[in-house]
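A.B. asks: If you scroll down you'll find the structure; I have some questions about it.
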Amino acid sequence: MVPWVLLGVTALVQSLVPGWVELGFVFAALPPLTGLIYGPWRTAALGAATVGLLMLPVTRPGHIGDADLGAVAAIALFSVLVAWVRGRYGRELTRVGTVAEAAQHAVLPPVADRVGPLACAGLYRAAQVAALVGGDLYDVREGPYGVRALVADVQGHGLAAVGTVASLLGTFREALLDEPELSGVALRLDRRLRIETANAGDGPSELFATAVLLEFPPDMGSVRLASCGHPPVLLLRGGAVRELAAEPAPPLGLGLGPVEPEPLTVRLAEGDVLLGYTDGVTEARDASGAFYPLESRLARRCAGRGWQAGPGALVEFVWEDMTRFARGVEDDVALLALRPERGGGVVRSFR
């Protein structure tokens, strides 16, 4: 629409004051401008209109000769070709982007609003531009031993870590069905990551991941946590916030020792909400270089009147508050909020 308006204005001005206004350069510039915005048919139509106006005595600038008219026609034809090539590659880029988005969603699908009796909300932001998946991951699944959740952070970020993220998620989804203890799930994840390290090549590898595992029994009356070098889960209860710091085992894949985390069991009350996160949240910095104080700012918000710390509201607040605080998000960010609801869902049988 804009090129047509410019063409009409240019032709009108040229026809009203032909004696001292020479707008031939504007006529010549309009077809390339159209080719950068619209497709070949619209570009061809505007190019033909431009050449036609230059052929009319009333709108033809005085300095435009037949050779100049031929040059403008050639520019118009070239603009049509550019518009066609741009449209072809644009369609191809759209198809590639659609496939890439589908593949990334397959690796890390959005968390469901409810998994069994557990209300859930997750948020993921990759540090790499245009990426939906990076080095952080989370998952919530129902199994024969209750509902289990995972929040983990693979060393590195961006698309280079996506393969490791997919391997860990697949291992977690298998292990939660087979392993009766969280320590067994952690061992399976550690083994998977060591295999990934061995397959990375002969050179030294620094591939590792931190992780926290959560397990909710069918009655939803408690939660068991197992940490492998990961930041502690936060418990929101009655307007207060506190850390659930389980005794950590070494990070996964480092081989520093046996990965046998000692689970921490915590009794839950009605309305409790748990928040798992990755260090992309707590390592976000403001302009002065200070880290984002997640626990204190969350405690201040929970103490405010009329705020219900539901899973969705919780992750939304943390993300918005963190982005206001920090000068920029330089690492992958993952948030997973969970609220057990006794009698809030049907527990399936996996036996």
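Each chain in the structure tokens gets a letter, A, B and so on, in the order shown; residues start at 1 in every chain, and ligands are counted from 1 in the order they appear.
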Counting only C-alpha atoms, what is within 12 Å of region 318-326 of chain A, bar same-chain residues fewer than 6 positions away, as a ChimeraX atom specification?
C.D. replies: /A:122-125,275-277,280-302,309,311-312,333-337
A.B. asks: Report as an mmCIF file with all heavy atoms, in the first residue's frame all protein, DNA and RNA residues lying within 6 Å of region 209-215 of chain A, evaluated on only C-alpha atoms, omitting residues in the same chain fewer than 6 positions from it.
C.D. replies:
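Dumped everything to around02.cif:
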```
data_model
loop_
_atom_site.group_PDB
_atom_site.id
_atom_site.type_symbol
_atom_site.label_atom_id
_atom_site.label_comp_id
_atom_site.auth_asym_id
_atom_site.auth_seq_id
_atom_site.Cartn_x
_atom_site.Cartn_y
_atom_site.Cartn_z
ATOM 1 N N VAL A 147 3.447 -39.296 41.241
ATOM 2 C CA VAL A 147 3.806 -38.305 40.233
ATOM 3 C C VAL A 147 5.238 -37.862 40.498
ATOM 4 O O VAL A 147 5.581 -37.476 41.620
ATOM 5 C CB VAL A 147 2.854 -37.095 40.267
ATOM 6 C CG1 VAL A 147 3.261 -36.074 39.209
ATOM 7 C CG2 VAL A 147 1.420 -37.536 40.028
ATOM 8 N N ARG A 148 6.063 -37.904 39.468
ATOM 9 C CA ARG A 148 7.458 -37.498 39.601
ATOM 10 C C ARG A 148 7.759 -36.336 38.657
ATOM 11 O O ARG A 148 7.206 -36.249 37.556
ATOM 12 C CB ARG A 148 8.394 -38.668 39.303
ATOM 13 C CG ARG A 148 8.427 -39.706 40.423
ATOM 14 C CD ARG A 148 9.241 -40.921 40.055
ATOM 15 N NE ARG A 148 9.456 -41.793 41.222
ATOM 16 C CZ ARG A 148 10.025 -42.984 41.170
ATOM 17 N NH1 ARG A 148 10.441 -43.471 40.007
ATOM 18 N NH2 ARG A 148 10.197 -43.697 42.274
ATOM 19 N N ALA A 149 8.636 -35.466 39.130
ATOM 20 C CA ALA A 149 9.007 -34.283 38.352
ATOM 21 C C ALA A 149 10.520 -34.157 38.321
ATOM 22 O O ALA A 149 11.221 -34.593 39.238
ATOM 23 C CB ALA A 149 8.385 -33.025 38.952
ATOM 24 N N LEU A 150 11.005 -33.543 37.263
ATOM 25 C CA LEU A 150 12.438 -33.321 37.068
ATOM 26 C C LEU A 150 12.663 -31.894 36.613
ATOM 27 O O LEU A 150 11.965 -31.390 35.742
ATOM 28 C CB LEU A 150 12.977 -34.284 35.997
ATOM 29 C CG LEU A 150 14.378 -33.989 35.442
ATOM 30 C CD1 LEU A 150 15.443 -34.259 36.489
ATOM 31 C CD2 LEU A 150 14.639 -34.812 34.185
ATOM 32 N N VAL A 151 13.641 -31.242 37.237
ATOM 33 C CA VAL A 151 14.151 -29.953 36.761
ATOM 34 C C VAL A 151 15.658 -30.103 36.677
ATOM 35 O O VAL A 151 16.300 -30.503 37.661
ATOM 36 C CB VAL A 151 13.785 -28.793 37.705
ATOM 37 C CG1 VAL A 151 14.320 -27.473 37.148
ATOM 38 C CG2 VAL A 151 12.281 -28.701 37.906
ATOM 39 N N ALA A 152 16.240 -29.812 35.513
ATOM 40 C CA ALA A 152 17.672 -30.037 35.319
ATOM 41 C C ALA A 152 18.259 -28.947 34.448
ATOM 42 O O ALA A 152 17.556 -28.246 33.712
ATOM 43 C CB ALA A 152 17.924 -31.414 34.706
ATOM 44 N N ASP A 153 19.577 -28.836 34.539
ATOM 45 C CA ASP A 153 20.321 -27.823 33.789
ATOM 46 C C ASP A 153 21.581 -28.472 33.238
ATOM 47 O O ASP A 153 22.478 -28.861 33.980
ATOM 48 C CB ASP A 153 20.682 -26.658 34.723
ATOM 49 C CG ASP A 153 21.376 -25.515 33.991
ATOM 50 O OD1 ASP A 153 21.605 -25.633 32.776
ATOM 51 O OD2 ASP A 153 21.682 -24.501 34.644
ATOM 52 N N VAL A 154 21.634 -28.619 31.913
ATOM 53 C CA VAL A 154 22.796 -29.195 31.247
ATOM 54 C C VAL A 154 23.851 -28.117 31.062
ATOM 55 O O VAL A 154 23.533 -26.962 30.760
ATOM 56 C CB VAL A 154 22.393 -29.797 29.887
ATOM 57 C CG1 VAL A 154 23.616 -30.320 29.138
ATOM 58 C CG2 VAL A 154 21.381 -30.908 30.083
ATOM 59 N N GLN A 155 25.112 -28.488 31.259
ATOM 60 C CA GLN A 155 26.215 -27.554 31.055
ATOM 61 C C GLN A 155 26.143 -27.002 29.632
ATOM 62 O O GLN A 155 25.983 -27.736 28.667
ATOM 63 C CB GLN A 155 27.543 -28.270 31.282
ATOM 64 C CG GLN A 155 28.777 -27.434 30.971
ATOM 65 C CD GLN A 155 29.325 -27.695 29.573
ATOM 66 O OE1 GLN A 155 29.044 -28.720 28.964
ATOM 67 N NE2 GLN A 155 30.083 -26.748 29.051
ATOM 68 N N VAL A 223 6.113 -34.756 49.867
ATOM 69 C CA VAL A 223 6.957 -34.731 48.675
ATOM 70 C C VAL A 223 8.341 -35.221 49.080
ATOM 71 O O VAL A 223 8.831 -34.930 50.171
ATOM 72 C CB VAL A 223 7.038 -33.318 48.058
ATOM 73 C CG1 VAL A 223 7.629 -32.315 49.039
ATOM 74 C CG2 VAL A 223 7.846 -33.338 46.776
ATOM 75 N N ARG A 224 8.949 -35.995 48.220
ATOM 76 C CA ARG A 224 10.328 -36.445 48.414
ATOM 77 C C ARG A 224 11.187 -35.765 47.350
ATOM 78 O O ARG A 224 10.816 -35.710 46.175
ATOM 79 C CB ARG A 224 10.436 -37.963 48.294
ATOM 80 C CG ARG A 224 9.605 -38.718 49.305
ATOM 81 C CD ARG A 224 9.792 -40.215 49.132
ATOM 82 N NE ARG A 224 11.103 -40.640 49.625
ATOM 83 C CZ ARG A 224 11.826 -41.623 49.095
ATOM 84 N NH1 ARG A 224 11.393 -42.257 48.017
ATOM 85 N NH2 ARG A 224 12.978 -41.961 49.625
ATOM 86 N N LEU A 225 12.323 -35.244 47.792
ATOM 87 C CA LEU A 225 13.211 -34.517 46.900
ATOM 88 C C LEU A 225 14.591 -35.153 46.921
ATOM 89 O O LEU A 225 15.077 -35.567 47.978
ATOM 90 C CB LEU A 225 13.344 -33.041 47.315
ATOM 91 C CG LEU A 225 12.062 -32.222 47.420
ATOM 92 C CD1 LEU A 225 11.650 -32.096 48.871
ATOM 93 C CD2 LEU A 225 12.250 -30.844 46.818
ATOM 94 N N ALA A 226 15.222 -35.210 45.761
ATOM 95 C CA ALA A 226 16.596 -35.692 45.630
ATOM 96 C C ALA A 226 17.338 -34.722 44.718
ATOM 97 O O ALA A 226 16.882 -34.431 43.608
ATOM 98 C CB ALA A 226 16.628 -37.103 45.054
ATOM 99 N N SER A 227 18.466 -34.231 45.198
ATOM 100 C CA SER A 227 19.210 -33.202 44.462
ATOM 101 C C SER A 227 20.555 -33.724 44.017
ATOM 102 O O SER A 227 21.255 -34.419 44.751
ATOM 103 C CB SER A 227 19.412 -31.963 45.350
ATOM 104 O OG SER A 227 20.230 -31.008 44.695
ATOM 105 N N CYS A 228 20.917 -33.369 42.794
ATOM 106 C CA CYS A 228 22.246 -33.662 42.248
ATOM 107 C C CYS A 228 22.897 -32.337 41.872
ATOM 108 O O CYS A 228 22.955 -31.953 40.698
ATOM 109 C CB CYS A 228 22.147 -34.581 41.037
ATOM 110 S SG CYS A 228 21.444 -36.206 41.386
ATOM 111 N N GLY A 229 23.321 -31.612 42.901
ATOM 112 C CA GLY A 229 24.010 -30.348 42.694
ATOM 113 C C GLY A 229 23.151 -29.222 42.172
ATOM 114 O O GLY A 229 23.676 -28.241 41.634
ATOM 115 N N HIS A 230 21.835 -29.317 42.314
ATOM 116 C CA HIS A 230 20.920 -28.338 41.737
ATOM 117 C C HIS A 230 20.466 -27.343 42.807
ATOM 118 O O HIS A 230 20.433 -27.682 43.991
ATOM 119 C CB HIS A 230 19.703 -29.047 41.141
ATOM 120 C CG HIS A 230 18.931 -28.218 40.169
ATOM 121 N ND1 HIS A 230 19.338 -28.037 38.866
ATOM 122 C CD2 HIS A 230 17.784 -27.519 40.300
ATOM 123 C CE1 HIS A 230 18.463 -27.275 38.241
ATOM 124 N NE2 HIS A 230 17.518 -26.940 39.095
ATOM 125 N N PRO A 251 26.869 -33.547 40.740
ATOM 126 C CA PRO A 251 26.145 -33.377 39.481
ATOM 127 C C PRO A 251 26.253 -34.619 38.600
ATOM 128 O O PRO A 251 27.192 -35.405 38.714
ATOM 129 C CB PRO A 251 26.832 -32.173 38.836
ATOM 130 C CG PRO A 251 27.416 -31.412 39.977
ATOM 131 C CD PRO A 251 27.837 -32.445 40.975
ATOM 132 N N LEU A 252 25.306 -34.766 37.718
ATOM 133 C CA LEU A 252 25.256 -35.927 36.838
ATOM 134 C C LEU A 252 26.359 -35.856 35.795
ATOM 135 O O LEU A 252 26.614 -34.807 35.207
ATOM 136 C CB LEU A 252 23.903 -35.986 36.133
ATOM 137 C CG LEU A 252 22.658 -35.986 37.027
ATOM 138 C CD1 LEU A 252 21.404 -35.816 36.162
ATOM 139 C CD2 LEU A 252 22.575 -37.260 37.838
#
```
A.B. asks: Which of region 137-290 of chain A end up as alpha helix (DSSP H) when DSSP is run on this backbone - answer as a PyMOL selection string?
C.D. replies: chain A and resi 162-178+182-199+279-282
A.B. asks: Measure the distance from CA of Gly184 (chain A) to CA of Leu256 (chain A) in Å and round it to one decimal.
C.D. replies: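 Rounded to one decimal, the two atoms are 17.4 Å apart.
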